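Novice: Below is the file input37.txt, which contains compact mmCIF, C-alpha atoms.
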# COMPACT_ATOMS: atom_id res chain seq x y z
CA MET G 1 212.00 63.92 11.88
CA VAL G 2 210.00 67.09 12.54
CA ARG G 3 207.23 67.52 9.96
CA ILE G 4 205.93 70.96 9.00
CA ALA G 5 202.80 71.56 6.93
CA ILE G 6 202.64 74.69 4.76
CA LEU G 7 198.91 75.33 4.38
CA HIS G 8 197.55 77.38 1.49
CA SER G 9 194.70 77.60 -1.00
CA ALA G 10 196.97 78.02 -4.06
CA PRO G 11 197.17 74.76 -6.08
CA ARG G 12 200.94 75.10 -6.47
CA PRO G 13 203.37 76.32 -3.82
CA THR G 14 203.77 80.09 -4.00
CA TRP G 15 207.21 81.71 -4.03
CA SER G 16 207.02 82.46 -0.29
CA SER G 17 205.86 78.90 0.44
CA ARG G 18 208.80 77.50 -1.53
CA GLN G 19 211.19 79.70 0.43
CA LEU G 20 209.74 78.36 3.68
CA MET G 21 209.99 74.76 2.51
CA LYS G 22 213.62 75.28 1.53
CA SER G 23 214.44 76.88 4.89
CA PHE G 24 212.82 74.07 6.87
CA SER G 25 214.65 71.46 4.80
CA GLU G 26 217.98 73.20 5.43
CA LEU G 27 217.25 73.07 9.17
CA GLY G 28 216.60 69.33 9.07
CA ALA G 29 212.81 69.36 9.09
CA GLN G 30 210.47 67.78 6.54
CA PRO G 31 208.09 70.32 4.97
CA ILE G 32 204.93 69.31 3.10
CA TYR G 33 202.64 71.58 1.12
CA ILE G 34 198.93 71.02 1.74
CA LEU G 35 195.74 72.57 0.39
CA TRP G 36 192.72 73.63 2.38
CA ASN G 37 190.31 71.83 0.03
CA TYR G 38 191.59 68.38 1.04
CA THR G 39 191.73 68.90 4.82
CA SER G 40 189.38 67.43 7.41
CA ALA G 41 188.99 67.82 11.17
CA SER G 42 187.61 65.12 13.45
CA ILE G 43 186.52 64.81 17.05
CA SER G 44 188.88 61.91 17.58
CA SER G 45 192.05 61.44 19.58
CA ARG G 46 193.20 58.81 17.06
CA CYS G 47 193.11 60.97 13.94
CA PRO G 48 191.99 64.56 14.64
CA LEU G 49 193.33 65.99 11.37
CA ARG G 50 193.20 64.36 7.97
CA TYR G 51 194.53 65.19 4.52
CA HIS G 52 193.21 63.37 1.47
CA GLY G 53 191.47 61.02 3.92
CA LYS G 54 194.68 60.01 5.73
CA CYS G 55 195.88 61.09 9.17
CA LEU G 56 197.83 64.33 9.01
CA ASP G 57 200.82 63.75 11.29
CA VAL G 58 202.68 67.05 11.63
CA ASP G 59 204.36 69.02 14.39
CA ALA G 60 203.40 72.47 13.07
CA ILE G 61 201.16 74.12 10.50
CA ILE G 62 202.23 77.37 8.85
CA VAL G 63 199.16 79.10 7.44
CA ARG G 64 200.21 80.98 4.31
CA GLY G 65 196.71 81.77 3.12
CA LEU G 66 193.11 81.41 4.22
CA GLY G 67 191.70 81.94 0.75
CA ARG G 68 189.62 84.73 -0.78
CA GLY G 69 185.89 85.13 -1.14
CA LEU G 70 185.12 82.50 1.48
CA SER G 71 181.58 81.77 2.60
CA VAL G 72 180.85 82.18 6.29
CA GLU G 73 180.65 78.40 6.55
CA LYS G 74 184.11 77.84 5.02
CA TYR G 75 185.51 80.62 7.19
CA MET G 76 184.15 78.86 10.28
CA TYR G 77 185.47 75.50 9.13
CA ARG G 78 189.00 76.79 8.56
CA TYR G 79 189.00 78.33 12.02
CA ALA G 80 187.72 75.04 13.48
CA PHE G 81 190.44 73.06 11.67
CA LEU G 82 193.21 75.24 13.10
CA LYS G 83 191.74 75.22 16.61
CA THR G 84 191.52 71.40 16.44
CA ALA G 85 195.21 71.31 15.52
CA GLU G 86 196.09 73.56 18.47
CA SER G 87 193.99 71.49 20.88
CA HIS G 88 196.12 68.45 19.98
CA GLY G 89 199.43 70.19 20.58
CA ILE G 90 200.26 71.12 16.98
CA ALA G 91 201.91 74.52 16.69
CA VAL G 92 199.85 76.77 14.40
CA VAL G 93 201.59 79.83 12.98
CA ASN G 94 200.11 82.31 13.09
CA PRO G 95 197.86 81.06 15.92
CA ALA G 96 194.24 80.70 14.85
CA ASP G 97 192.80 83.43 17.09
CA ALA G 98 195.50 85.92 16.09
CA LEU G 99 195.27 85.03 12.40
CA PHE G 100 191.51 85.54 12.24
CA LEU G 101 191.71 88.69 14.35
CA ALA G 102 194.26 90.26 11.99
CA ARG G 103 192.10 89.25 9.03
CA ASP G 104 189.35 91.49 10.47
CA LYS G 105 190.70 94.93 9.61
CA PHE G 106 188.31 96.90 11.81
CA THR G 107 188.58 94.83 14.99
CA SER G 108 192.37 94.58 14.75
CA LEU G 109 192.68 98.37 14.36
CA ARG G 110 190.25 98.90 17.25
CA ILE G 111 192.40 96.73 19.51
CA LEU G 112 195.56 98.55 18.42
CA HIS G 113 193.87 101.89 19.20
CA GLU G 114 192.77 100.65 22.63
CA ASN G 115 196.41 99.76 23.33
CA GLY G 116 197.64 103.25 22.51
CA ILE G 117 198.90 102.54 18.99
CA PRO G 118 198.07 105.33 16.51
CA VAL G 119 195.66 104.32 13.72
CA PRO G 120 193.54 106.28 11.21
CA ASP G 121 189.93 107.29 11.88
CA THR G 122 187.90 104.30 10.70
CA ILE G 123 184.26 103.21 10.71
CA VAL G 124 182.45 100.12 9.46
CA THR G 125 178.74 100.20 8.80
CA GLU G 126 175.87 98.58 6.92
CA ASP G 127 174.22 101.97 6.46
CA PRO G 128 175.14 103.56 3.09
CA SER G 129 173.98 106.99 4.28
CA GLU G 130 176.30 106.84 7.29
CA ALA G 131 179.21 105.82 5.04
CA LEU G 132 178.58 108.83 2.78
CA ARG G 133 178.34 111.17 5.77
CA GLU G 134 181.70 109.85 6.99
CA VAL G 135 183.32 110.45 3.60
CA GLU G 136 181.96 114.01 3.64
CA ARG G 137 183.32 114.53 7.15
CA LEU G 138 186.77 113.17 6.33
CA GLY G 139 187.13 114.90 2.96
CA SER G 140 189.34 112.11 1.58
CA ALA G 141 188.73 108.49 2.50
CA VAL G 142 189.57 104.95 1.53
CA LEU G 143 186.75 102.45 1.01
CA LYS G 144 187.90 98.84 1.20
CA PRO G 145 186.78 95.33 2.10
CA ILE G 146 186.75 94.53 5.81
CA THR G 147 188.86 91.49 4.90
CA GLY G 148 191.31 91.16 2.04
CA SER G 149 194.88 91.82 0.99
CA LEU G 150 197.20 93.13 -1.74
CA GLY G 151 195.22 96.35 -2.02
CA LEU G 152 192.52 94.59 -4.02
CA GLY G 153 189.10 96.24 -3.92
CA SER G 154 190.31 99.44 -2.22
CA PHE G 155 189.15 102.83 -3.53
CA MET G 156 190.33 106.28 -2.59
CA VAL G 157 187.57 108.89 -2.86
CA ASP G 158 187.58 112.61 -2.18
CA ASP G 159 183.97 113.51 -2.89
CA THR G 160 180.60 112.04 -1.99
CA ASP G 161 179.51 111.70 -5.64
CA THR G 162 182.29 109.20 -6.35
CA ALA G 163 181.80 107.55 -2.98
CA TYR G 164 178.09 107.10 -3.77
CA TYR G 165 178.82 104.57 -6.51
CA VAL G 166 181.36 102.57 -4.46
CA VAL G 167 179.13 102.54 -1.38
CA ASN G 168 176.12 101.37 -3.37
CA LEU G 169 178.17 98.67 -5.08
CA LEU G 170 179.28 97.28 -1.71
CA SER G 171 175.74 97.54 -0.37
CA SER G 172 174.33 95.68 -3.40
CA LEU G 173 176.82 92.87 -2.74
CA ASN G 174 175.61 92.64 0.90
CA GLN G 175 179.02 93.76 2.14
CA PRO G 176 179.68 96.00 5.15
CA ILE G 177 181.17 99.35 4.22
CA TYR G 178 184.61 100.06 5.66
CA VAL G 179 185.55 103.73 5.56
CA GLN G 180 189.00 104.89 6.62
CA GLU G 181 190.57 108.32 6.79
CA TYR G 182 192.97 108.80 3.86
CA ILE G 183 196.43 109.63 5.19
CA GLU G 184 198.56 111.73 2.85
CA LYS G 185 201.75 109.71 2.60
CA LYS G 186 205.13 111.33 3.08
CA ASN G 187 206.98 111.07 -0.25
CA ASN G 188 204.11 108.91 -1.56
CA ARG G 189 205.37 105.90 0.39
CA ASP G 190 204.64 103.76 3.40
CA ILE G 191 206.85 101.51 5.52
CA ARG G 192 206.47 97.74 5.65
CA ILE G 193 208.17 96.30 8.73
CA PHE G 194 208.55 92.55 8.93
CA VAL G 195 208.29 91.26 12.49
CA VAL G 196 209.27 87.74 13.57
CA ASP G 197 209.09 86.52 17.15
CA GLY G 198 209.18 89.98 18.73
CA ARG G 199 211.89 91.43 16.48
CA ALA G 200 211.73 93.77 13.51
CA ILE G 201 213.99 91.85 11.13
CA ALA G 202 213.72 94.06 8.02
CA SER G 203 212.02 97.23 6.77
CA ILE G 204 211.30 98.68 3.36
CA TYR G 205 209.79 101.78 1.90
CA ARG G 206 207.02 100.89 -0.54
CA ILE G 207 206.86 103.76 -3.00
CA ALA G 208 203.72 104.07 -5.10
CA PRO G 209 204.02 104.71 -8.85
CA GLN G 210 203.71 108.38 -9.79
CA GLY G 211 200.09 109.51 -9.81
CA TYR G 212 198.98 106.40 -7.91
CA TRP G 213 198.16 106.09 -4.21
CA LYS G 214 198.44 102.35 -3.48
CA THR G 215 201.80 101.24 -2.08
CA ASN G 216 201.28 97.48 -2.40
CA ILE G 217 204.17 95.87 -4.27
CA ALA G 218 201.61 93.60 -5.93
CA ARG G 219 200.07 96.78 -7.40
CA GLY G 220 203.36 98.05 -8.83
CA ALA G 221 205.01 99.87 -5.90
CA LYS G 222 208.81 99.98 -5.70
CA ALA G 223 210.62 98.55 -2.68
CA LEU G 224 213.68 100.24 -1.18
CA PRO G 225 215.52 99.48 2.08
CA ALA G 226 214.31 101.61 4.99
CA SER G 227 215.77 102.59 8.36
CA PRO G 228 212.78 103.70 10.44
CA SER G 229 213.17 105.39 13.80
CA SER G 230 213.40 103.20 16.89
CA ASP G 231 209.95 104.48 17.89
CA ILE G 232 208.38 103.23 14.65
CA LEU G 233 210.16 99.88 14.92
CA GLU G 234 209.00 99.45 18.51
CA THR G 235 205.44 100.31 17.48
CA ALA G 236 205.52 97.64 14.75
CA VAL G 237 206.76 95.01 17.19
CA ARG G 238 204.13 96.02 19.75
CA ALA G 239 201.36 95.95 17.14
CA ALA G 240 202.22 92.35 16.24
CA SER G 241 202.42 91.43 19.93
CA VAL G 242 199.10 93.06 20.85
CA LEU G 243 197.38 90.98 18.16
CA GLY G 244 199.15 87.80 19.27
CA LEU G 245 201.06 87.29 16.02
CA ILE G 246 204.31 85.35 15.80
CA TYR G 247 205.12 86.98 12.48
CA ALA G 248 203.56 89.89 10.64
CA GLY G 249 203.98 92.58 8.04
CA VAL G 250 203.14 95.89 9.72
CA ASP G 251 202.26 98.80 7.42
CA ILE G 252 202.94 102.28 8.74
CA VAL G 253 202.36 105.65 7.08
CA GLU G 254 204.29 108.76 8.08
CA ASN G 255 202.61 112.14 7.78
CA ASN G 256 203.06 115.68 9.07
CA ASP G 257 201.66 114.71 12.49
CA GLY G 258 203.82 111.61 13.00
CA TYR G 259 202.72 108.18 11.84
CA VAL G 260 199.85 105.71 11.98
CA VAL G 261 199.57 101.94 11.63
CA ILE G 262 197.37 101.25 8.61
CA GLU G 263 197.25 97.47 8.77
CA VAL G 264 198.88 94.39 10.27
CA ASN G 265 199.11 91.51 7.81
CA ALA G 266 199.22 88.03 9.34
CA SER G 267 200.24 86.23 6.12
CA PRO G 268 202.59 88.77 4.52
CA LEU G 269 204.43 88.23 1.27
CA TRP G 270 208.12 89.09 1.30
CA ARG G 271 209.64 88.68 -2.16
CA GLY G 272 210.04 92.43 -2.65
CA LEU G 273 211.33 92.91 0.89
CA GLN G 274 213.89 90.14 0.51
CA ALA G 275 215.11 91.53 -2.84
CA ALA G 276 215.46 95.04 -1.40
CA THR G 277 217.10 94.16 1.92
CA GLY G 278 218.80 90.80 1.42
CA VAL G 279 217.02 89.51 4.53
CA ASN G 280 215.21 86.19 4.09
CA PRO G 281 212.22 86.11 6.47
CA ALA G 282 211.67 82.43 5.69
CA LYS G 283 214.86 81.49 7.55
CA GLU G 284 213.92 83.61 10.56
CA LEU G 285 210.40 82.21 10.63
CA ALA G 286 211.53 78.60 10.24
CA GLN G 287 213.93 78.99 13.16
CA ALA G 288 211.20 80.58 15.32
CA VAL G 289 208.76 77.74 14.56
CA LEU G 290 211.29 75.00 15.31
CA GLN G 291 212.19 76.70 18.60
CA ARG G 292 208.52 76.59 19.59
CA ILE G 293 208.28 72.90 18.77
CA LYS G 294 211.33 72.14 20.94
CA LYS G 295 209.69 73.88 23.91
Give the structure from the file, written as structure tokens.
Specialist:
Amino acid sequence: MVRIAILHSAPRPTWSSRQLMKSFSELGAQPIYILWNYTSASISSRCPLRYHGKCLDVDAIIVRGLGRGLSVEKYMYRYAFLKTAESHGIAVVNPADALFLARDKFTSLRILHENGIPVPDTIVTEDPSEALREVERLGSAVLKPITGSLGLGSFMVDDTDTAYYVVNLLSSLNQPIYVQEYIEKKNNRDIRIFVVDGRAIASIYRIAPQGYWKTNIARGAKALPASPSSDILETAVRAASVLGLIYAGVDIVENNDGYVVIEVNASPLWRGLQAATGVNPAKELAQAVLQRIKK
């Protein structure tokens, strides 16, 4: 029987992980939920991956979370673990290089830009003075972690006095300062497009609460079914492809000049999307993974 590992840092399976496990079971595979903290990688053909000290014998690993606040050393280890899996023929979804690329907000946006995909003006710097100059130039900007998700730690500022405190906080924590042009959202919403295996399978509008700018569902945004233009859908699919992702949540903001890709999430949640659209991404993703194993 095909064995699929769902890899996360959460002690108990999250809602999305449970949906994946159910979908794999329905397709005749055996899913197991594993935690990063009990994994090991070895330079050994006999037992390259271990879990709780025993050989980890799986056909695929679905990475549902890398974890937050990781040290550089843990970050490097988790990359090494996934690359070891790939080197021994285990399908890793999303692939390690693509997953870690998407986790780096600046580099992923730079690559999208170099491939002709519209993105906001963005800089990353260790120089607080340069960050403040960029805020002054942009007028309105978003300051956020260079890695992260769910809108946590993101601040919208429209004056250098407010930006001063955020910039100095990041600097005091030895963090790079990521400054991005604030895009005024049409109808105070963005579009989340869920891409699986080169297809846009579902789209939602994420509408921010009144008087609030963040459109993350985890921060209280409302999800409604969306029917984006074919151009926007094609851009979402291409963004995932350019970054090498098998599945992704692509966030796009429409404005008076068209639209821009704000972010490409390599471990997207989908509870709100599934409730709004009736589409279950877990089924689509499970089928895509099993097809790759068969090849």
Novice: Select from region 45-131 of chain G every residue with an atom at most 12 Å from any atom of region 29-32 of chain G, then for each give the shortest pair of atoms and their distance in Å to one decimal, using all atoms listed in the file, rows by chain and rising number, as a tab-separated table.
Specialist:
residue	atom	partner	partner_atom	distance
G:Tyr51	CA	G:Ile32	CA	11.3
G:Leu56	CA	G:Ile32	CA	10.5
G:Asp57	CA	G:Ile32	CA	10.7
G:Val58	CA	G:Ile32	CA	9.1
G:Asp59	CA	G:Ala29	CA	10.0
G:Ala60	CA	G:Pro31	CA	9.6
G:Ile61	CA	G:Ile32	CA	9.6
G:Ile62	CA	G:Pro31	CA	10.0
Novice: Quote the spacing between CA of Leu7 (chain G) and CA of Ala85 (chain G) in Å to one decimal place.
Specialist: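 A separation of 12.4 Å between them.
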Novice: Given the choices G:Arg292, G:Arg46, G:Arg3, G:Arg133, which gets closest to Asp197 (chain G) if the distance is worked out from all atoms listed in the file?
Specialist: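 Nearest candidate to Asp197 (chain G) out of G:Arg292, G:Arg46, G:Arg3, G:Arg133: G:Arg292.
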Novice: So what do you get for CA of Gly65 (chain G) versus CA of Ala10 (chain G), distance-wise?
Specialist: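 According to the coordinates, CA of Gly65 (chain G) and CA of Ala10 (chain G) are separated by 8.1 Å.
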Novice: Which one is closest to Lys185 (chain G): G:Gly258, G:Pro225, G:Gly69, G:Gly198? Count only C-alpha atoms.
Specialist: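 Counting only C-alpha atoms, the residue closest to Lys185 (chain G) is G:Gly258.
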Novice: Please compute the CA of Glu254 (chain G)-CA of Leu143 (chain G) distance, one decimal, in Å.
Specialist: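 Distance between the two atoms: 19.9 Å.
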Novice: May I have the residues within 7 Å of Val195 (chain G) as a list of chain:residue names, using all atoms listed in the file and disregarding those fewer than 3 positions away in the same chain?
Specialist: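 Skipping anything fewer than 3 positions along the chain leaves G:Gly198, G:Arg199, G:Ala200, G:Ile201, G:Val237, G:Tyr247, G:Ala248, G:Gly249.
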Novice: Using only C-alpha atoms, collect all residues at a distance of at most 8 Å from (187.3, 69.2, 8.5) as written in the file, then present them as a CSV table (one decimal) with C-alpha atoms, in the coordinates of the input.
Specialist:
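Output (selection_25.csv):
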chain,number,residue,atom,x,y,z
G,39,THR,CA,191.7,68.9,4.8
G,40,SER,CA,189.4,67.4,7.4
G,41,ALA,CA,189.0,67.8,11.2
G,42,SER,CA,187.6,65.1,13.4
G,49,LEU,CA,193.3,66.0,11.4
G,50,ARG,CA,193.2,64.4,8.0
G,77,TYR,CA,185.5,75.5,9.1
G,78,ARG,CA,189.0,76.8,8.6
G,80,ALA,CA,187.7,75.0,13.5
G,81,PHE,CA,190.4,73.1,11.7
Novice: So, with all atoms listed in the file as the atoms that count, which of G:Gln210, G:Thr125, G:Gln274, G:Ser227 lies closest to Pro176 (chain G)?
Specialist: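 With all atoms listed in the file as the atom set, the closest residue is G:Thr125.
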Novice: Neighbours of Glu181 (chain G) within 6 Å (all atoms listed in the file; same-chain residues fewer than 2 positions away dropped), as a PyMOL selection string?
Specialist: chain G and resi 120-121+141
Novice: Emit the selected residues as an mmCIF file, in the coordinates of the input, including C-alpha atoms.
Specialist:
data_model
loop_
_atom_site.group_PDB
_atom_site.id
_atom_site.type_symbol
_atom_site.label_atom_id
_atom_site.label_comp_id
_atom_site.auth_asym_id
_atom_site.auth_seq_id
_atom_site.Cartn_x
_atom_site.Cartn_y
_atom_site.Cartn_z
ATOM 1 C CA PRO G 120 193.540 106.280 11.210
ATOM 2 C CA ASP G 121 189.930 107.290 11.880
ATOM 3 C CA ALA G 141 188.730 108.490 2.500
#
Novice: Here's a test: counting only C-alpha atoms, identify every protein, DNA and RNA residue with an atom at most 8 Å from (202.2, 105.2, 18.4) in the file's coordinate frame, and state them as a list in words.
Specialist: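 All residues meeting the 8 Å criterion around (202.2, 105.2, 18.4) are Gly116, Ile117, Pro118, Asp231, Ile232, Thr235, Tyr259, Val260 and Val261 of chain G.
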Novice: Using only C-alpha atoms, which residue out of G:Phe194, G:Tyr164, G:Val157, G:Ile246 lies closest to Leu269 (chain G)?
Specialist: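 Of G:Phe194, G:Tyr164, G:Val157, G:Ile246, the one nearest Leu269 (chain G), counting only C-alpha atoms, is G:Phe194.
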Novice: Using all atoms listed in the file for the distances, tell me which of G:Lys214, G:Ile207, G:Pro128, G:Lys74 is nearest to Val142 (chain G).
Specialist: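 For Val142 (chain G), the nearest of the given residues is G:Lys214.
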Novice: Using all atoms listed in the file, can you tell me which of G:Pro268, G:Gly244, G:Gly220, G:Pro95 comes closest to Val289 (chain G)?
Specialist: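 Once distances to Val289 (chain G) are computed over all atoms listed in the file, the minimum belongs to G:Pro95.
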